[in-house]
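Text of the file target16.csv, holding CSV, C-alpha atoms:
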chain,number,residue,atom,x,y,z
O,1,ILE,CA,130.1,11.9,-140.8
O,2,GLY,CA,128.2,9.2,-142.7
O,3,ILE,CA,131.3,8.4,-144.8
O,4,VAL,CA,133.7,8.4,-141.9
O,5,GLN,CA,131.5,6.3,-139.7
O,6,GLY,CA,130.6,3.9,-142.5
O,7,PHE,CA,134.1,3.3,-143.8
O,8,THR,CA,135.8,3.0,-140.4
O,9,GLU,CA,133.2,1.2,-138.3
O,10,PHE,CA,134.2,-2.4,-139.3
O,11,LEU,CA,137.8,-1.8,-140.4
O,12,PRO,CA,140.6,-2.3,-137.8
O,13,ILE,CA,141.5,1.4,-137.9
O,14,SER,CA,139.1,3.0,-135.3
O,15,SER,CA,135.9,4.8,-136.2
O,16,SER,CA,135.8,6.7,-132.9
O,17,GLY,CA,139.4,7.8,-133.5
O,18,HIS,CA,138.6,9.1,-136.9
O,19,LEU,CA,135.5,10.9,-135.6
O,20,VAL,CA,137.7,12.6,-133.0
O,21,LEU,CA,140.1,13.7,-135.8
O,22,VAL,CA,137.2,15.1,-137.9
O,23,SER,CA,136.0,17.2,-135.0
O,24,GLU,CA,139.5,18.4,-134.0
O,25,LEU,CA,140.8,19.1,-137.5
O,26,THR,CA,137.8,20.9,-138.9
O,27,SER,CA,135.4,23.6,-137.9
O,28,TRP,CA,132.4,21.4,-138.3
O,29,GLN,CA,129.7,21.9,-135.7
O,30,ASP,CA,128.7,18.9,-133.6
O,31,GLN,CA,126.4,16.8,-135.7
O,32,GLY,CA,124.0,16.2,-132.7
O,33,LEU,CA,122.7,13.1,-131.0
O,34,PHE,CA,120.0,12.5,-133.7
O,35,THR,CA,122.7,12.2,-136.4
O,36,ASP,CA,124.7,9.9,-134.2
O,37,VAL,CA,121.8,7.6,-133.9
O,38,ALA,CA,121.1,7.8,-137.6
O,39,VAL,CA,124.7,6.8,-138.7
O,40,HIS,CA,124.7,4.0,-136.1
O,41,VAL,CA,121.5,2.7,-137.6
O,42,GLY,CA,123.1,2.8,-141.0
O,43,THR,CA,126.1,0.8,-140.0
O,44,LEU,CA,124.0,-1.7,-138.1
O,45,LEU,CA,121.9,-2.2,-141.2
O,46,ALA,CA,125.0,-2.7,-143.3
O,47,VAL,CA,126.5,-5.5,-141.0
O,48,ILE,CA,123.1,-7.2,-140.8
O,49,ILE,CA,122.9,-7.2,-144.6
O,50,TYR,CA,126.4,-8.6,-145.0
O,51,LEU,CA,126.0,-11.2,-142.3
O,52,ARG,CA,122.4,-12.1,-143.1
O,53,SER,CA,123.1,-15.8,-143.7
O,54,HIS,CA,124.9,-16.1,-140.3
O,55,ILE,CA,122.3,-14.1,-138.5
O,56,THR,CA,119.4,-16.0,-140.1
O,57,SER,CA,121.1,-19.3,-139.1
O,58,LEU,CA,121.5,-18.1,-135.5
O,59,ILE,CA,117.8,-16.9,-135.3
O,60,LYS,CA,116.5,-20.2,-136.8
O,61,SER,CA,118.6,-22.3,-134.4
O,62,PHE,CA,117.5,-20.3,-131.4
O,63,PHE,CA,113.8,-20.9,-132.1
O,64,SER,CA,114.3,-24.5,-133.1
O,65,PHE,CA,116.5,-25.2,-130.0
O,66,GLN,CA,119.4,-26.5,-132.1
O,67,LEU,CA,122.3,-26.9,-129.6
O,68,THR,CA,125.3,-26.3,-131.9
O,69,GLN,CA,124.0,-23.0,-133.3
O,70,ASN,CA,122.6,-21.8,-130.0
O,71,ASP,CA,126.1,-22.5,-128.7
O,72,ASN,CA,127.4,-19.9,-131.2
O,73,LEU,CA,124.9,-17.4,-129.9
O,74,ILE,CA,126.0,-18.0,-126.4
O,75,LYS,CA,129.6,-17.2,-127.4
O,76,ILE,CA,128.5,-13.9,-128.8
O,77,ILE,CA,126.7,-13.1,-125.6
O,78,ILE,CA,129.7,-14.1,-123.4
O,79,ALA,CA,132.1,-12.0,-125.5
O,80,THR,CA,129.8,-9.0,-125.2
O,81,ILE,CA,129.4,-9.0,-121.4
O,82,PRO,CA,132.8,-7.5,-120.5
O,83,ALA,CA,132.4,-4.5,-122.7
O,84,VAL,CA,128.8,-3.9,-121.4
O,85,ILE,CA,129.9,-4.0,-117.8
O,86,VAL,CA,133.1,-2.0,-118.1
O,87,GLY,CA,131.5,0.5,-120.5
O,88,PHE,CA,128.7,1.2,-118.0
O,89,PHE,CA,131.3,2.5,-115.5
O,90,ILE,CA,134.0,4.2,-117.6
O,91,ILE,CA,132.3,5.6,-120.8
O,92,ASP,CA,131.8,9.1,-119.4
O,93,PHE,CA,135.4,9.1,-118.0
O,94,VAL,CA,136.9,8.0,-121.3
O,95,GLN,CA,134.9,10.6,-123.3
O,96,LEU,CA,136.0,13.3,-120.9
O,97,TYR,CA,139.7,12.6,-120.6
O,98,PHE,CA,140.8,10.5,-123.6
O,99,ARG,CA,139.2,12.2,-126.7
O,100,ASP,CA,142.4,13.8,-127.7
O,101,ILE,CA,144.5,13.7,-131.0
O,102,LYS,CA,147.6,12.6,-129.1
O,103,VAL,CA,145.8,9.7,-127.5
O,104,VAL,CA,144.5,8.7,-131.0
O,105,ALA,CA,148.0,8.9,-132.4
O,106,VAL,CA,149.7,6.8,-129.7
O,107,THR,CA,147.0,4.1,-129.5
O,108,SER,CA,146.8,3.9,-133.3
O,109,ILE,CA,150.5,2.9,-133.4
O,110,VAL,CA,150.5,0.7,-130.3
O,111,PHE,CA,147.4,-1.3,-131.3
O,112,ALA,CA,148.6,-1.6,-134.9
O,113,ALA,CA,151.8,-3.2,-133.6
O,114,LEU,CA,149.7,-5.6,-131.5
O,115,LEU,CA,147.6,-6.5,-134.6
O,116,PHE,CA,150.8,-7.1,-136.6
O,117,VAL,CA,152.2,-9.5,-134.0
O,118,ALA,CA,148.8,-11.3,-133.7
O,119,ASP,CA,148.3,-11.5,-137.5
O,120,HIS,CA,151.8,-13.1,-138.0
O,121,PHE,CA,151.7,-15.4,-135.0
O,122,LYS,CA,152.3,-18.9,-136.2
O,123,VAL,CA,149.5,-21.0,-134.6
O,124,LYS,CA,147.0,-23.5,-135.7
O,125,LEU,CA,144.2,-21.8,-137.6
O,126,SER,CA,140.5,-22.6,-136.9
O,127,SER,CA,137.0,-21.2,-137.6
O,128,TRP,CA,135.1,-19.1,-135.1
O,129,GLU,CA,132.4,-21.8,-134.9
O,130,ASN,CA,135.0,-24.0,-133.1
O,131,MET,CA,135.6,-21.3,-130.5
O,132,SER,CA,135.3,-22.2,-126.8
O,133,TYR,CA,133.5,-20.2,-124.2
O,134,VAL,CA,136.8,-19.2,-122.6
O,135,GLN,CA,138.1,-18.0,-125.9
O,136,ALA,CA,135.0,-16.0,-126.5
O,137,PHE,CA,135.4,-14.4,-123.1
O,138,ILE,CA,139.0,-13.5,-123.8
O,139,ILE,CA,138.0,-11.8,-127.0
O,140,GLY,CA,135.4,-10.0,-125.0
O,141,LEU,CA,138.2,-8.7,-122.7
O,142,PHE,CA,140.1,-7.4,-125.7
O,143,GLN,CA,136.9,-5.6,-126.8
O,144,VAL,CA,137.0,-3.6,-123.6
O,145,LEU,CA,140.2,-1.9,-124.9
O,146,ALA,CA,138.0,-0.4,-127.7
O,147,PHE,CA,136.8,2.3,-125.3
O,148,ILE,CA,140.2,4.0,-125.8
O,149,PRO,CA,139.9,6.3,-128.8
O,150,GLY,CA,142.1,5.1,-131.6
O,151,ALA,CA,142.3,1.5,-130.3
O,152,SER,CA,139.5,0.3,-132.7
O,153,ARG,CA,136.8,-2.1,-131.6
O,154,ALA,CA,137.2,-4.1,-134.8
O,155,GLY,CA,141.0,-4.0,-134.4
O,156,VAL,CA,141.2,-5.2,-130.8
O,157,THR,CA,138.6,-8.0,-131.3
O,158,ILE,CA,140.4,-9.2,-134.5
O,159,THR,CA,143.7,-9.0,-132.7
O,160,GLY,CA,142.3,-11.1,-129.8
O,161,ALA,CA,140.9,-13.7,-132.2
O,162,ARG,CA,144.2,-13.9,-134.2
O,163,PHE,CA,146.2,-14.4,-131.0
O,164,LEU,CA,143.9,-17.3,-130.2
O,165,GLY,CA,144.6,-18.9,-133.6
O,166,PHE,CA,141.4,-18.1,-135.6
O,167,ASP,CA,141.9,-17.5,-139.3
O,168,ARG,CA,141.6,-14.0,-140.7
O,169,SER,CA,138.1,-14.4,-142.2
O,170,SER,CA,136.7,-15.9,-139.0
O,171,SER,CA,138.3,-13.2,-136.9
O,172,ALA,CA,136.7,-10.5,-139.0
O,173,ILE,CA,133.3,-12.3,-139.1
O,174,PHE,CA,133.2,-12.8,-135.3
O,175,SER,CA,134.3,-9.2,-134.8
O,176,MET,CA,131.4,-8.0,-137.0
O,177,LEU,CA,128.9,-10.3,-135.2
O,178,LEU,CA,130.1,-8.8,-131.9
O,179,SER,CA,129.5,-5.3,-133.3
O,180,ILE,CA,125.7,-5.9,-133.5
O,181,PRO,CA,124.9,-6.0,-129.7
O,182,ILE,CA,127.5,-3.2,-129.1
O,183,ILE,CA,125.9,-0.9,-131.7
O,184,LEU,CA,122.5,-1.8,-130.4
O,185,ALA,CA,123.6,-0.9,-126.9
O,186,SER,CA,125.1,2.4,-128.2
O,187,LEU,CA,121.8,3.1,-130.0
O,188,VAL,CA,119.8,2.6,-126.8
O,189,LEU,CA,122.1,4.8,-124.7
O,190,THR,CA,122.3,7.6,-127.4
O,191,SER,CA,118.5,7.5,-127.9
O,192,LEU,CA,118.0,7.9,-124.1
O,193,ASP,CA,120.4,10.8,-124.1
O,194,LEU,CA,118.5,12.3,-127.0
O,195,VAL,CA,115.2,12.0,-125.1
O,196,ILE,CA,116.7,13.5,-122.0
O,197,SER,CA,118.4,16.3,-123.8
O,198,ASP,CA,115.3,17.4,-125.6
O,199,GLU,CA,117.3,18.2,-128.7
O,200,THR,CA,115.5,20.6,-131.0
O,201,ASN,CA,118.1,21.1,-133.7
O,202,VAL,CA,117.0,18.0,-135.7
O,203,ASP,CA,117.3,17.9,-139.5
O,204,LEU,CA,115.5,14.7,-140.3
O,205,TYR,CA,116.5,14.7,-144.0
O,206,LYS,CA,120.2,15.3,-143.4
O,207,SER,CA,120.2,12.6,-140.7
O,208,LEU,CA,118.5,10.1,-142.9
O,209,PHE,CA,120.9,10.9,-145.7
O,210,ALA,CA,123.8,10.4,-143.3
O,211,ALA,CA,122.3,7.0,-142.4
O,212,VAL,CA,122.1,5.9,-146.0
O,213,VAL,CA,125.6,7.1,-146.7
O,214,ALA,CA,126.9,5.2,-143.6
O,215,CYS,CA,125.1,2.0,-144.7
O,216,ILE,CA,126.5,2.1,-148.3
O,217,THR,CA,130.0,3.0,-147.3
O,218,ALA,CA,130.0,0.4,-144.5
O,219,LEU,CA,129.0,-2.3,-147.0
O,220,LEU,CA,131.7,-1.2,-149.4
O,221,SER,CA,134.4,-1.2,-146.6
O,222,ILE,CA,133.3,-4.6,-145.3
O,223,ASN,CA,133.5,-6.1,-148.8
O,224,ILE,CA,136.9,-4.5,-149.5
O,225,MET,CA,138.3,-5.8,-146.2
O,226,MET,CA,137.1,-9.3,-146.7
O,227,GLN,CA,138.5,-9.5,-150.2
O,228,ILE,CA,141.9,-8.2,-148.9
O,229,ILE,CA,142.2,-10.6,-146.0
O,230,GLN,CA,141.1,-13.6,-148.0
O,231,ARG,CA,144.1,-13.0,-150.3
O,232,SER,CA,146.6,-11.3,-148.0
O,233,THR,CA,147.2,-10.1,-144.4
O,234,TYR,CA,146.0,-7.1,-142.3
O,235,ASN,CA,149.2,-5.3,-143.2
O,236,ILE,CA,147.6,-2.6,-145.3
O,237,PHE,CA,145.5,-1.5,-142.3
O,238,ILE,CA,148.5,-1.8,-139.9
O,239,ILE,CA,150.7,0.4,-142.2
O,240,TYR,CA,147.9,3.0,-142.5
O,241,ARG,CA,147.5,3.2,-138.7
O,242,VAL,CA,151.2,3.5,-138.1
O,243,ILE,CA,151.6,6.3,-140.7
O,244,LEU,CA,148.6,8.1,-139.4
O,245,GLY,CA,149.8,7.9,-135.9
O,246,PHE,CA,153.3,9.3,-136.6
O,247,ILE,CA,151.8,12.1,-138.8
O,248,LEU,CA,149.5,13.1,-135.9
O,249,LEU,CA,152.4,13.0,-133.4
O,250,TYR,CA,154.6,15.1,-135.7
O,251,PHE,CA,152.0,17.8,-136.1
O,252,TYR,CA,150.2,17.7,-132.7
O,253,ALA,CA,152.6,16.3,-130.1
Is it possible to express this structure as structure tokens?
Amino acid sequence: IGIVQGFTEFLPISSSGHLVLVSELTSWQDQGLFTDVAVHVGTLLAVIIYLRSHITSLIKSFFSFQLTQNDNLIKIIIATIPAVIVGFFIIDFVQLYFRDIKVVAVTSIVFAALLFVADHFKVKLSSWENMSYVQAFIIGLFQVLAFIPGASRAGVTITGARFLGFDRSSSAIFSMLLSIPIILASLVLTSLDLVISDETNVDLYKSLFAAVVACITALLSINIMMQIIQRSTYNIFIIYRVILGFILLYFYA
């Protein structure tokens, strides 16, 4: 679980979709809420480590009231609002009716095609620091699509950013910055569920191990992705998603 969560969380290939596949294709028992919390902590730590310079700059500017950098923080908040509002109302419905291999297969192909179009759309390229509030909100609307298993939160936010003309690195960085409040919100909700459920089957050492593995693999996957997109396109991830989708449709449709 730590490896799957870590490698897929920030790549545009859907972590939730791969976790559905793991549970459907294996006889593994449910890892439990405590392990869910642990692996999310691991991936959160990984993105904070990787984006430490950006995060430090945002924090410093917030407390020093620097308008430009605070403006970037406001963009992150604006882009997060749609997912928080929509997620509050539909998360239970999605988990009940959409956690299916066929859904993962179809959405993997469909959203891969959208990413391909966005990534090869000939527009003026700009950095995420130059993003407007309206553009941030539009990317936030794209992020809402991530509630569909297989769509990929990273994939849809990167797709939205590329459609709006932001370069590949900026699209990935802004997507990762948006993951921080989303993961934090997920941690809060999962932790509340953990308290309410009064889960007794908790293996602290295994969960901590899963968190460490998730952190290390997430750091590896982020570095690999950034090196690839700085030299090339998102094609390798697109091709992977299409092949995965058709294989799943062939065997499970």
Quiz item: To one decimal place, how far is atom CA of Ala218 of chain O from atom CA of Ala46 of chain O in Å?
Solution: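 Going from atom CA of Ala218 of chain O over to atom CA of Ala46 of chain O, I get 6.0 Å.
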Exercise. Just the residues within 12 Å of segment 138-144 of chain O, please, counting all atoms listed in the file, with nothing from its chain fewer than 5 positions along; format it as a PyMOL selection string.
Key: chain O and resi 75-91+94+111+114-115+128+131-133+149+151-166+171+174-176+178-179+182
Export, as a compact mmCIF listing (two decimals), in the frame of the given file, the selected residues with C-alpha atoms.
# COMPACT_ATOMS: atom_id res chain seq x y z
CA LYS O 75 129.60 -17.20 -127.40
CA ILE O 76 128.50 -13.90 -128.80
CA ILE O 77 126.70 -13.10 -125.60
CA ILE O 78 129.70 -14.10 -123.40
CA ALA O 79 132.10 -12.00 -125.50
CA THR O 80 129.80 -9.00 -125.20
CA ILE O 81 129.40 -9.00 -121.40
CA PRO O 82 132.80 -7.50 -120.50
CA ALA O 83 132.40 -4.50 -122.70
CA VAL O 84 128.80 -3.90 -121.40
CA ILE O 85 129.90 -4.00 -117.80
CA VAL O 86 133.10 -2.00 -118.10
CA GLY O 87 131.50 0.50 -120.50
CA PHE O 88 128.70 1.20 -118.00
CA PHE O 89 131.30 2.50 -115.50
CA ILE O 90 134.00 4.20 -117.60
CA ILE O 91 132.30 5.60 -120.80
CA VAL O 94 136.90 8.00 -121.30
CA PHE O 111 147.40 -1.30 -131.30
CA LEU O 114 149.70 -5.60 -131.50
CA LEU O 115 147.60 -6.50 -134.60
CA TRP O 128 135.10 -19.10 -135.10
CA MET O 131 135.60 -21.30 -130.50
CA SER O 132 135.30 -22.20 -126.80
CA TYR O 133 133.50 -20.20 -124.20
CA PRO O 149 139.90 6.30 -128.80
CA ALA O 151 142.30 1.50 -130.30
CA SER O 152 139.50 0.30 -132.70
CA ARG O 153 136.80 -2.10 -131.60
CA ALA O 154 137.20 -4.10 -134.80
CA GLY O 155 141.00 -4.00 -134.40
CA VAL O 156 141.20 -5.20 -130.80
CA THR O 157 138.60 -8.00 -131.30
CA ILE O 158 140.40 -9.20 -134.50
CA THR O 159 143.70 -9.00 -132.70
CA GLY O 160 142.30 -11.10 -129.80
CA ALA O 161 140.90 -13.70 -132.20
CA ARG O 162 144.20 -13.90 -134.20
CA PHE O 163 146.20 -14.40 -131.00
CA LEU O 164 143.90 -17.30 -130.20
CA GLY O 165 144.60 -18.90 -133.60
CA PHE O 166 141.40 -18.10 -135.60
CA SER O 171 138.30 -13.20 -136.90
CA PHE O 174 133.20 -12.80 -135.30
CA SER O 175 134.30 -9.20 -134.80
CA MET O 176 131.40 -8.00 -137.00
CA LEU O 178 130.10 -8.80 -131.90
CA SER O 179 129.50 -5.30 -133.30
CA ILE O 182 127.50 -3.20 -129.10
Quiz item: Which of these, O:Leu248, O:Ile74, O:Ile196, O:Val22, has the shortest distance to Ser61 of chain O once you count only C-alpha atoms?
Solution: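 Result for the nearest residue to Ser61 of chain O: O:Ile74.
Among the candidate residues O:Leu125, O:Ile13, O:Ile180, O:Ile239, the one lying nearest to Ser221 of chain O is O:Ile13, with distances computed using only C-alpha atoms.
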Exercise. Between O:Gly17, O:Val4, O:Ala105, O:Val47, single out the one closest to Phe251 of chain O, counting all atoms listed in the file.
Key: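 Going through O:Gly17, O:Val4, O:Ala105, O:Val47 one by one, the smallest distance to Phe251 of chain O is for O:Ala105.
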Quiz item: So how far away is atom CA of Leu187 of chain O from atom CA of Phe237 of chain O, in Å?
Solution: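 Straight-line distance from atom CA of Phe237 of chain O to atom CA of Leu187 of chain O works out to 27.1 Å.
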Self-check item: Nearest to Ser14 of chain O, chosen from O:Thr43, O:Ser169, O:Asn72, O:Thr107, with only C-alpha atoms counted in the distances
Solution: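 Using only C-alpha atoms, Ser14 of chain O sits closest to O:Thr107.
Straight-line separation from atom CA of Arg168 of chain O to atom CA of Val20 of chain O: 28.0 Å.
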Self-check item: Using all atoms listed in the file: which of O:Ala211, O:Ile238, O:Leu21, O:Ala185 has the shortest distance to Gly6 of chain O
Solution: O:Ala211
Practice problem: Select, from O:Ala136, O:Asn223, O:Leu45, O:Glu24, the residue with the minimum atom-to-atom distance to Lys102 of chain O, counting only C-alpha atoms. | Solution: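 Selected residue with least distance to Lys102 of chain O: O:Glu24.
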Quiz item: So which residues touch Leu219 of chain O within 12 Å, counting only C-alpha atoms, skipping near sequence neighbours fewer than 3 positions away, as a list in words?
Solution: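 The neighbour list is Ile3, Gln5, Gly6, Phe7, Thr8, Glu9, Phe10, Leu11, Gly42, Thr43, Leu44, Leu45, Ala46, Val47, Ile48, Ile49, Tyr50, Leu51, Met176, Val212, Val213, Ala214, Cys215, Ile216, Ile222, Asn223, Ile224, Met225 and Met226 of chain O.
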